[in-house]
Each structure stands twice: as C-alpha cells, then as structure tokens.
$ cat upload16.cif   # mmCIF, C-alpha atoms
data_structure
#
loop_
_atom_site.label_atom_id
_atom_site.label_comp_id
_atom_site.auth_asym_id
_atom_site.auth_seq_id
_atom_site.Cartn_x
_atom_site.Cartn_y
_atom_site.Cartn_z
CA MET E 1 -21.94 -4.57 48.77
CA LYS E 2 -20.64 -0.99 48.46
CA LYS E 3 -17.13 -2.10 49.39
CA HIS E 4 -17.33 -4.79 46.73
CA LEU E 5 -18.39 -2.24 44.10
CA ARG E 6 -15.64 0.19 45.15
CA SER E 7 -13.01 -2.53 45.00
CA LYS E 8 -14.30 -3.62 41.60
CA LYS E 9 -14.12 -0.05 40.28
CA ALA E 10 -10.62 0.32 41.71
CA VAL E 11 -9.54 -2.85 39.91
CA GLU E 12 -11.09 -1.56 36.65
CA ARG E 13 -9.34 1.79 37.01
CA GLY E 14 -6.03 0.07 37.67
CA THR E 15 -6.51 -2.25 34.69
CA ASN E 16 -7.43 0.65 32.44
CA ALA E 17 -4.39 2.62 33.60
CA VAL E 18 -2.09 -0.30 32.75
CA ILE E 19 -3.75 -0.71 29.35
CA TYR E 20 -3.37 3.01 28.58
CA VAL E 21 0.30 2.96 29.58
CA ILE E 22 0.92 -0.04 27.32
CA LEU E 23 -0.93 1.64 24.44
CA VAL E 24 1.08 4.85 24.89
CA ILE E 25 4.35 2.89 24.83
CA ILE E 26 3.26 0.99 21.71
CA SER E 27 2.21 4.27 20.05
CA VAL E 28 5.60 5.86 20.77
CA ILE E 29 7.41 2.82 19.38
CA TRP E 30 5.15 2.84 16.32
CA ILE E 31 5.50 6.55 15.55
CA PHE E 32 9.24 6.85 16.29
CA PRO E 33 10.43 5.69 12.81
CA PHE E 34 8.12 8.19 11.09
CA VAL E 35 9.31 11.10 13.24
CA TYR E 36 12.91 10.04 12.67
CA LEU E 37 12.31 9.88 8.91
CA LEU E 38 10.84 13.40 8.89
CA PHE E 39 13.62 14.88 11.05
CA GLN E 40 16.38 13.34 8.93
CA SER E 41 14.72 14.55 5.72
CA LEU E 42 15.11 18.11 7.06
CA SER E 43 18.67 17.59 8.21
CA GLY E 44 21.46 19.75 6.84
CA ASP E 45 24.14 18.44 9.17
CA ASN E 46 25.81 16.06 6.71
CA THR E 47 25.68 13.52 9.52
CA GLY E 48 22.81 11.26 8.48
CA THR E 49 22.30 8.62 11.14
CA MET E 50 25.71 9.08 12.70
CA ASP E 51 25.37 11.69 15.41
CA TYR E 52 21.99 13.30 16.01
CA PHE E 53 18.33 12.33 16.18
CA ILE E 54 17.22 15.99 16.09
CA PRO E 55 19.16 17.83 13.35
CA GLN E 56 21.44 20.64 14.42
CA LYS E 57 20.72 22.42 11.14
CA TRP E 58 17.30 22.44 9.45
CA THR E 59 17.04 22.72 5.67
CA PHE E 60 14.80 21.90 2.69
CA ASP E 61 17.80 21.23 0.45
CA ASN E 62 17.05 17.50 0.46
CA TYR E 63 13.61 18.11 -1.05
CA ILE E 64 15.04 20.63 -3.53
CA HIS E 65 17.45 17.92 -4.61
CA LEU E 66 14.57 15.58 -5.42
CA PHE E 67 12.32 17.95 -7.33
CA ARG E 68 14.72 20.28 -9.14
CA GLY E 69 17.11 17.61 -10.42
CA GLU E 70 20.22 19.78 -10.16
CA GLY E 71 23.29 20.04 -7.98
CA VAL E 72 22.58 21.00 -4.38
CA GLU E 73 25.18 22.61 -2.15
CA PHE E 74 25.84 21.00 1.21
CA ASP E 75 28.36 22.89 3.34
CA GLY E 76 30.21 24.16 0.28
CA ASP E 77 30.19 20.88 -1.70
CA VAL E 78 27.91 20.60 -4.73
CA VAL E 79 26.62 17.06 -5.13
CA SER E 80 25.57 15.92 -8.60
CA THR E 81 22.02 14.70 -9.06
CA ALA E 82 22.37 13.49 -12.63
CA ASN E 83 21.48 9.94 -11.66
CA ILE E 84 18.53 10.88 -9.48
CA GLN E 85 15.27 10.92 -11.46
CA PHE E 86 12.88 10.97 -8.55
CA LEU E 87 9.97 12.72 -10.28
CA SER E 88 10.12 10.21 -13.13
CA TRP E 89 10.16 7.27 -10.70
CA TYR E 90 7.38 8.82 -8.64
CA GLY E 91 5.12 9.53 -11.59
CA ARG E 92 5.66 6.12 -13.17
CA THR E 93 4.90 4.31 -9.92
CA PHE E 94 1.81 6.43 -9.32
CA LEU E 95 0.51 5.67 -12.81
CA ILE E 96 1.11 1.92 -12.34
CA ALA E 97 -0.60 2.01 -8.95
CA VAL E 98 -3.67 3.84 -10.29
CA ILE E 99 -4.08 1.46 -13.26
CA VAL E 100 -3.62 -1.59 -11.05
CA THR E 101 -6.07 -0.20 -8.50
CA VAL E 102 -8.82 0.24 -11.10
CA ILE E 103 -8.33 -3.19 -12.67
CA GLN E 104 -7.80 -5.08 -9.43
CA THR E 105 -10.74 -3.45 -7.66
CA LEU E 106 -13.10 -4.32 -10.51
CA ILE E 107 -11.87 -7.93 -10.66
CA VAL E 108 -12.13 -8.43 -6.89
CA LEU E 109 -15.62 -6.94 -6.68
CA VAL E 110 -16.98 -8.93 -9.61
CA THR E 111 -15.39 -12.19 -8.41
CA SER E 112 -16.59 -11.69 -4.85
CA TYR E 113 -20.14 -10.89 -5.93
CA ALA E 114 -20.27 -13.96 -8.19
CA LEU E 115 -19.02 -16.25 -5.42
CA SER E 116 -21.42 -14.69 -2.92
CA ARG E 117 -24.59 -14.81 -5.02
CA LEU E 118 -24.20 -17.52 -7.63
CA ARG E 119 -24.35 -21.25 -6.92
CA PHE E 120 -22.57 -23.39 -9.47
CA LYS E 121 -20.71 -26.68 -9.68
CA MET E 122 -17.18 -26.66 -8.19
CA ARG E 123 -17.85 -23.31 -6.47
CA LYS E 124 -16.51 -24.34 -3.06
CA PRO E 125 -13.51 -26.30 -4.41
CA LEU E 126 -12.63 -23.23 -6.51
CA MET E 127 -12.83 -20.97 -3.46
CA ASN E 128 -10.70 -23.36 -1.41
CA LEU E 129 -8.15 -23.63 -4.23
CA MET E 130 -7.78 -19.84 -4.43
CA LEU E 131 -7.40 -19.62 -0.66
CA ILE E 132 -4.67 -22.28 -0.66
CA LEU E 133 -2.80 -20.70 -3.57
CA GLY E 134 -3.02 -17.32 -1.84
CA MET E 135 -1.09 -18.73 1.12
CA PHE E 136 2.06 -19.12 -0.99
CA PRO E 137 4.20 -15.95 -1.18
CA GLY E 138 4.40 -14.28 -4.56
CA PHE E 139 8.19 -14.31 -4.72
CA MET E 140 8.11 -18.11 -5.22
CA SER E 141 7.01 -17.48 -8.81
CA MET E 142 9.38 -14.60 -9.52
CA THR E 143 11.88 -16.52 -11.65
CA ALA E 144 9.21 -18.20 -13.78
CA LEU E 145 7.33 -14.94 -14.26
CA TYR E 146 10.49 -13.12 -15.26
CA PHE E 147 11.35 -15.58 -18.03
CA LEU E 148 7.75 -15.64 -19.28
CA LEU E 149 7.56 -11.85 -19.42
CA GLN E 150 11.01 -11.68 -21.01
CA LEU E 151 9.82 -14.01 -23.79
CA VAL E 152 6.99 -11.62 -24.69
CA GLY E 153 9.11 -8.48 -24.27
CA LEU E 154 7.50 -7.11 -21.10
CA THR E 155 10.72 -6.28 -19.25
CA GLU E 156 13.02 -3.24 -19.21
CA ASP E 157 11.53 -0.67 -21.68
CA PHE E 158 8.10 -2.32 -21.41
CA GLY E 159 8.54 -3.38 -17.81
CA MET E 160 5.74 -1.04 -16.74
CA PHE E 161 3.22 -3.21 -18.62
CA GLY E 162 4.82 -6.35 -17.21
CA LEU E 163 4.41 -5.01 -13.68
CA ILE E 164 0.76 -4.15 -14.29
CA LEU E 165 0.19 -7.68 -15.59
CA VAL E 166 1.91 -9.24 -12.56
CA TYR E 167 0.04 -7.09 -10.02
CA THR E 168 -3.38 -7.74 -11.55
CA GLY E 169 -2.88 -11.37 -12.59
CA SER E 170 -3.93 -12.91 -9.29
CA SER E 171 -6.42 -10.25 -8.20
CA CYS E 172 -9.33 -12.65 -7.85
CA MET E 173 -7.53 -14.45 -5.01
CA GLY E 174 -8.23 -11.46 -2.78
CA TYR E 175 -11.95 -12.16 -2.85
CA TYR E 176 -12.40 -13.44 0.69
CA ILE E 177 -13.02 -10.25 2.72
CA CYS E 178 -15.08 -8.69 -0.07
CA LYS E 179 -17.22 -11.81 -0.43
CA GLY E 180 -17.86 -11.80 3.32
CA PHE E 181 -19.15 -8.24 3.02
CA PHE E 182 -21.48 -9.12 0.14
CA ASP E 183 -22.80 -12.03 2.20
CA THR E 184 -24.07 -9.52 4.76
CA ILE E 185 -26.23 -7.73 2.17
CA PRO E 186 -29.67 -9.39 2.06
CA LYS E 187 -30.32 -11.40 -1.08
CA SER E 188 -33.90 -10.12 -0.98
CA LEU E 189 -32.58 -6.87 -2.49
CA ASP E 190 -31.29 -8.77 -5.50
CA GLU E 191 -34.56 -10.65 -5.85
CA ALA E 192 -36.65 -7.48 -5.61
CA ALA E 193 -34.55 -5.82 -8.31
CA ARG E 194 -34.83 -8.89 -10.55
CA ILE E 195 -38.61 -8.88 -10.14
CA ASP E 196 -38.60 -5.23 -11.25
CA GLY E 197 -36.82 -6.28 -14.44
CA ALA E 198 -33.18 -5.62 -13.62
CA ASN E 199 -30.54 -7.99 -14.98
CA ARG E 200 -27.47 -9.22 -13.08
CA GLN E 201 -25.31 -6.30 -14.22
CA GLN E 202 -27.88 -3.72 -13.16
CA VAL E 203 -28.35 -5.40 -9.79
CA PHE E 204 -24.61 -5.36 -9.19
CA PHE E 205 -23.88 -1.80 -10.31
CA LYS E 206 -27.07 -0.03 -9.25
CA VAL E 207 -28.13 -1.94 -6.13
CA ILE E 208 -25.18 -3.73 -4.56
CA LEU E 209 -22.28 -1.32 -5.21
CA PRO E 210 -24.04 1.77 -3.75
CA LEU E 211 -24.45 -0.23 -0.52
CA SER E 212 -20.84 -1.44 -0.57
CA LYS E 213 -18.84 1.78 -0.18
CA PRO E 214 -16.80 0.49 2.82
CA ILE E 215 -15.59 -2.65 1.05
CA ILE E 216 -14.89 -0.73 -2.16
CA ILE E 217 -12.68 1.69 -0.22
CA TYR E 218 -10.96 -1.21 1.54
CA THR E 219 -10.28 -2.90 -1.81
CA ILE E 220 -9.02 0.32 -3.40
CA LEU E 221 -6.55 1.00 -0.58
CA ASN E 222 -5.21 -2.55 -0.61
CA ALA E 223 -4.88 -2.50 -4.39
CA PHE E 224 -3.02 0.82 -4.33
CA MET E 225 -0.57 -0.06 -1.56
CA GLY E 226 0.71 -3.20 -3.30
CA PRO E 227 2.35 -1.66 -6.41
CA TRP E 228 3.07 1.63 -4.66
CA GLY E 229 5.53 0.04 -2.23
CA ASP E 230 6.66 -3.04 -4.15
CA TYR E 231 10.38 -3.56 -4.58
CA MET E 232 10.91 -7.25 -5.38
CA PHE E 233 9.09 -7.61 -8.70
CA ALA E 234 9.94 -4.07 -9.79
CA SER E 235 13.66 -4.61 -9.23
CA LEU E 236 13.51 -7.88 -11.19
CA LEU E 237 11.62 -6.66 -14.27
CA VAL E 238 13.24 -3.23 -14.65
CA THR E 239 16.94 -2.54 -14.10
CA GLN E 240 17.42 0.55 -16.28
CA PRO E 241 17.40 3.71 -14.09
CA ALA E 242 15.15 5.61 -16.50
CA ASN E 243 12.37 3.01 -16.22
CA GLN E 244 12.55 2.15 -12.53
CA THR E 245 9.83 2.57 -9.94
CA VAL E 246 10.22 4.74 -6.88
CA ALA E 247 11.04 1.89 -4.47
CA VAL E 248 13.89 0.65 -6.68
CA GLY E 249 15.09 4.16 -7.42
CA MET E 250 15.23 5.09 -3.74
CA LEU E 251 17.65 2.25 -3.10
CA LYS E 252 19.88 3.67 -5.83
CA MET E 253 19.88 6.95 -3.94
CA LEU E 254 21.89 5.28 -1.19
CA ASP E 255 24.57 4.32 -3.69
CA VAL E 256 27.53 6.40 -2.55
CA GLY E 257 29.00 6.31 -6.05
CA HIS E 258 26.02 8.28 -7.36
CA THR E 259 25.24 10.65 -4.52
CA GLY E 260 28.48 11.40 -2.72
CA THR E 261 28.92 10.25 0.87
CA TYR E 262 26.40 8.22 2.83
CA ALA E 263 25.92 11.18 5.16
CA ASP E 264 24.73 13.19 2.14
CA ALA E 265 22.62 10.41 0.65
CA PHE E 266 20.69 9.31 3.72
CA PRO E 267 18.81 12.61 4.40
CA ARG E 268 17.78 12.72 0.75
CA PHE E 269 16.63 9.14 0.96
CA CYS E 270 14.51 10.12 3.99
CA ALA E 271 13.07 13.08 2.05
CA ALA E 272 12.06 10.66 -0.72
CA GLY E 273 10.50 8.39 1.89
CA VAL E 274 8.38 11.26 3.23
CA CYS E 275 7.19 12.10 -0.30
CA VAL E 276 6.32 8.47 -0.98
CA SER E 277 4.30 8.22 2.24
CA ILE E 278 2.16 11.29 1.48
CA PRO E 279 -0.39 9.82 -1.02
CA ILE E 280 -1.19 6.69 0.95
CA THR E 281 -1.34 8.65 4.23
CA ILE E 282 -3.80 11.15 2.79
CA LEU E 283 -5.92 8.37 1.29
CA PHE E 284 -5.96 6.42 4.54
CA PHE E 285 -6.94 9.32 6.78
CA ILE E 286 -9.67 10.49 4.41
CA LEU E 287 -11.10 6.99 3.96
CA GLN E 288 -10.25 5.52 7.38
CA ARG E 289 -13.87 5.23 8.53
CA TYR E 290 -14.87 3.25 5.45
CA TYR E 291 -11.70 1.16 5.66
CA VAL E 292 -12.53 -0.04 9.18
CA GLU E 293 -16.16 -0.70 8.22
CA GLY E 294 -15.00 -2.74 5.26
CA ILE E 295 -12.77 -4.96 7.41
CA THR E 296 -15.36 -5.53 10.11
CA GLY E 297 -18.21 -6.01 7.66
CA GLY E 298 -16.23 -8.48 5.58
CA SER E 299 -15.23 -10.57 8.57
CA VAL E 300 -18.79 -11.47 9.61
CA LYS E 301 -19.42 -14.26 7.14
CA GLY E 302 -17.22 -16.39 4.96
#
$ encode --input "upload16.cif" --output "structure tokens"
Amino acid sequence: MKKHLRSKKAVERGTNAVIYVILVIISVIWIFPFVYLLFQSLSGDNTGTMDYFIPQKWTFDNYIHLFRGEGVEFDGDVVSTANIQFLSWYGRTFLIAVIVTVIQTLIVLVTSYALSRLRFKMRKPLMNLMLILGMFPGFMSMTALYFLLQLVGLTEDFGMFGLILVYTGSSCMGYYICKGFFDTIPKSLDEAARIDGANRQQVFFKVILPLSKPIIIYTILNAFMGPWGDYMFASLLVTQPANQTVAVGMLKMLDVGHTGTYADAFPRFCAAGVCVSIPITILFFILQRYYVEGITGGSVKG
C-alpha cells in the first residue's frame, strides 16, 4: 500500500513538473513580444529590428518624439515630426473608447437583464437570432456601413461620431455572458424588492447592479478594448491624418516618407505601442479579480 502511494506521488510530482515546464515555456513565448516592444522603444541604435534584440544604446528620444511633436536628433540627423500627431490620435481614440464603453455597457446590461428576467413572446428566437448574427465577422458589413455613413456625413471630419455609432450599434449582441451572470442571481431578490414597492428600474439599479460588479467590470473592459485597438473600421471611415485614431496613425508612423528610414521609424512605432498598451494594462491588473469572476459567473447558465 505504501509503495503504491509513493509511486502515485512520484507520478503526480513528475506530471506537475512537466506541466510547470510547459507553462514556463508558454509564458516566455507570450511575454517575449512585449519585452521586445519595450526594448526597441528605448533603442537609440538606429537599427530597429535589423541587428540587436537588446539595444546597444538606451534612450528616451523615441518617447520625446511622440509627446513633444518636434524634430528629434538621432546620431546627428534631425528627423521631422510634422506628420506625427500622436497626442491628438491618442486623445481622440481615448475619448471614443470612453464614450463607447459607457453606452455599450449600459445597453448590454439592460438587454441582458431583460432577457434574463422577462418572459415575452419571441424571446428565445430573438436570443438565437442575435447569437447567429454575432457569429458573422463585422468586416462583412464594412462596405455597406461606409456608404450609409457617408450619405449622412459621418465620415472624415465627423468620422469620430460615425465610429461611435458603429461600435455601439450592435452592442446588444454581446448579451450572452452577462445574461448568464444575471441568471445566477436569485429571482427572489427581485420579487422581494417588488413586494416592498420597487419598480423594475429600481430593482435593476439598486438591487441587481450592486451585486453584479464582476460582470460590469468584464463588460467595461470588453467595451473599452474594442475601439481602443480597432484599425479596420477606423481606417475606412477616417483617412485624414488630423482625424485619425491611434491605431491608424501608428501605421502611418512606419511610412518611411514621413519619418525618415525604417530604422528610425520602428523604435518610435514601438514607443507608441508601449503608450497604447498602458491604459488597458492598468485597467486589467486593477480589475483582474472582477474580470475573472465575471467570466466564470457568466458561464454557469445560458
């Protein structure tokens, strides 16, 4: 019996060791691009991706280039930054993301609560229809959306409003995880509040939402990440440099005609990438616990 237990423990230790090795390898592979991005953003070698993983010369000139909007000297050559409007791109994208997050979060929460608590005709067919439509990628409608928004003047100078409309237009289709979370909250709480005289709005805002912090955080993060990193729709609706979002503008930074050589442009592109990653990284680490709870809680029931 003791030999059997020892052999079983040995097998478990060996299995755990293999699992840990695999996890370490996966972690290294996962974190490598981020470390590379950071190192290249601090590179002053004028080599970009060509020679070194670890820069031979460390500098903050690439960040100065982004935030000061003036020529920056690299090994004696001053590179013009007239076409780089990073702060404008950054601020515009952040504003779009915040507005979309507020609108989309409210729509998703209200839709999910209604589908979780209310019973009405065509409820299940409606849910199935939204699930099926959500399986089709958004870029399939890009051409049609562009011409529709162009007809009402929501491109170029007013492209910001067009993007907000596009990002929030199908928000209710993201109801599934949130509805699953609301299904885990006992309906007896709703009934008790109704008996005490509360209406549907009061039940939702004063009873259900205070108990739904994890799914609210999950919805907020998902809503923010969409417009913050979107390139496809943003590049379609806005082509003027002054009105572009940060994802579209960063691609312009790699244009050798605007920024000198590729070896000059790539470290600055990496510096922009580090700056873009900061808000979502901070949000995720602060709200990580609630994010995980929201996923697990919303996956219990459909």
$ closest_residue --input "upload16.cif" --among "E:Val108, E:Arg13, E:Gln201, E:Phe94" --to "Ala247 (chain E)" --atoms "all atoms listed in the file"
E:Phe94
$ closest_residue --input "upload16.cif" --among "E:Met173, E:Leu109, E:Phe233, E:Ala198" --to "Met135 (chain E)" --atoms "all atoms listed in the file"
E:Met173
$ closest_residue --input "upload16.cif" --among "E:Pro241, E:Pro227, E:Pro214, E:Gly44" --to "Leu165 (chain E)" --atoms "only C-alpha atoms"
E:Pro227
$ axis_aligned_box --input "upload16.cif" --around "region 115-123 of chain E" --padding-each-side "3 Å" --output "lines of an AutoDock Vina configuration file"
center_x = -20.9
center_y = -20.7
center_z = -6.3
size_x = 13.4
size_y = 18.0
size_z = 12.8
$ atom_distance --input "upload16.cif" --atom1 "CA of Val238 (chain E)" --atom2 "CA of Thr155 (chain E)"
6.1 Å
$ closest_residue --input "upload16.cif" --among "E:Ile185, E:Met160, E:Cys275, E:Ala144" --to "Thr245 (chain E)" --atoms "all atoms listed in the file"
E:Met160
$ closest_residue --input "upload16.cif" --among "E:Asp183, E:Glu156, E:Glu191, E:Asp61" --to "Ala114 (chain E)" --atoms "all atoms listed in the file"
E:Asp183
$ residues_near_point --input "upload16.cif" --point "(-33.4, -4.4, -11.2)" --cutoff "12 Å" --atoms "only C-alpha atoms" --output "ChimeraX atom specification"
/E:188-208
$ residues_around --input "upload16.cif" --residues "Leu38 (chain E)" --least-positions-apart "4" --cutoff "8 Å" --atoms "all atoms listed in the file" --output "PDB file with C-alpha atoms, in the coordinates of the input"
ATOM      1  CA  PHE E  34       8.120   8.190  11.090  1.00  0.00           C
ATOM      2  CA  LEU E  42      15.110  18.110   7.060  1.00  0.00           C
ATOM      3  CA  CYS E 270      14.510  10.120   3.990  1.00  0.00           C
ATOM      4  CA  ALA E 271      13.070  13.080   2.050  1.00  0.00           C
ATOM      5  CA  VAL E 274       8.380  11.260   3.230  1.00  0.00           C
TER       6      VAL E 274
END
$ atom_distance --input "upload16.cif" --atom1 "CA of Val18 (chain E)" --atom2 "CA of Trp30 (chain E)"
18.2 Å
$ decode --input "upload16.cif" --residues "region 234-249 of chain E" --atoms "N, CA and C atoms" --output "CSV table (one decimal), in the first residue's frame"
chain,number,residue,atom,x,y,z
E,234,ALA,N,-11.8,52.1,-38.4
E,234,ALA,CA,-11.2,53.5,-38.2
E,234,ALA,C,-10.5,53.9,-39.5
E,235,SER,N,-9.8,53.0,-40.1
E,235,SER,CA,-9.0,53.3,-41.4
E,235,SER,C,-10.0,53.5,-42.5
E,236,LEU,N,-11.2,52.9,-42.5
E,236,LEU,CA,-12.2,53.1,-43.5
E,236,LEU,C,-12.9,54.4,-43.5
E,237,LEU,N,-13.3,54.8,-42.2
E,237,LEU,CA,-14.1,56.0,-42.1
E,237,LEU,C,-13.3,57.3,-42.0
E,238,VAL,N,-12.1,57.2,-41.6
E,238,VAL,CA,-11.3,58.4,-41.5
E,238,VAL,C,-9.9,58.2,-42.2
E,239,THR,N,-9.6,59.0,-43.2
E,239,THR,CA,-8.4,58.9,-43.9
E,239,THR,C,-7.5,60.2,-43.7
E,240,GLN,N,-8.1,61.3,-43.2
E,240,GLN,CA,-7.3,62.5,-43.0
E,240,GLN,C,-6.5,62.3,-41.7
E,241,PRO,N,-5.2,62.6,-41.8
E,241,PRO,CA,-4.3,62.4,-40.7
E,241,PRO,C,-4.7,63.1,-39.4
E,242,ALA,N,-5.3,64.3,-39.5
E,242,ALA,CA,-5.7,65.1,-38.4
E,242,ALA,C,-6.8,64.4,-37.6
E,243,ASN,N,-7.6,63.6,-38.2
E,243,ASN,CA,-8.8,63.0,-37.6
E,243,ASN,C,-8.6,61.5,-37.3
E,244,GLN,N,-7.5,61.0,-37.5
E,244,GLN,CA,-7.3,59.5,-37.4
E,244,GLN,C,-7.2,59.1,-35.9
E,245,THR,N,-7.4,57.8,-35.7
E,245,THR,CA,-7.3,57.2,-34.4
E,245,THR,C,-5.9,56.7,-34.2
E,246,VAL,N,-5.5,56.2,-33.0
E,246,VAL,CA,-4.1,55.9,-32.8
E,246,VAL,C,-3.7,54.7,-33.5
E,247,ALA,N,-4.6,53.7,-33.8
E,247,ALA,CA,-4.1,52.5,-34.5
E,247,ALA,C,-3.8,52.8,-35.9
E,248,VAL,N,-4.6,53.7,-36.6
E,248,VAL,CA,-4.4,54.1,-38.0
E,248,VAL,C,-3.1,55.0,-38.0
E,249,GLY,N,-3.0,55.9,-37.1
E,249,GLY,CA,-1.9,56.8,-37.1
E,249,GLY,C,-0.6,56.1,-36.9
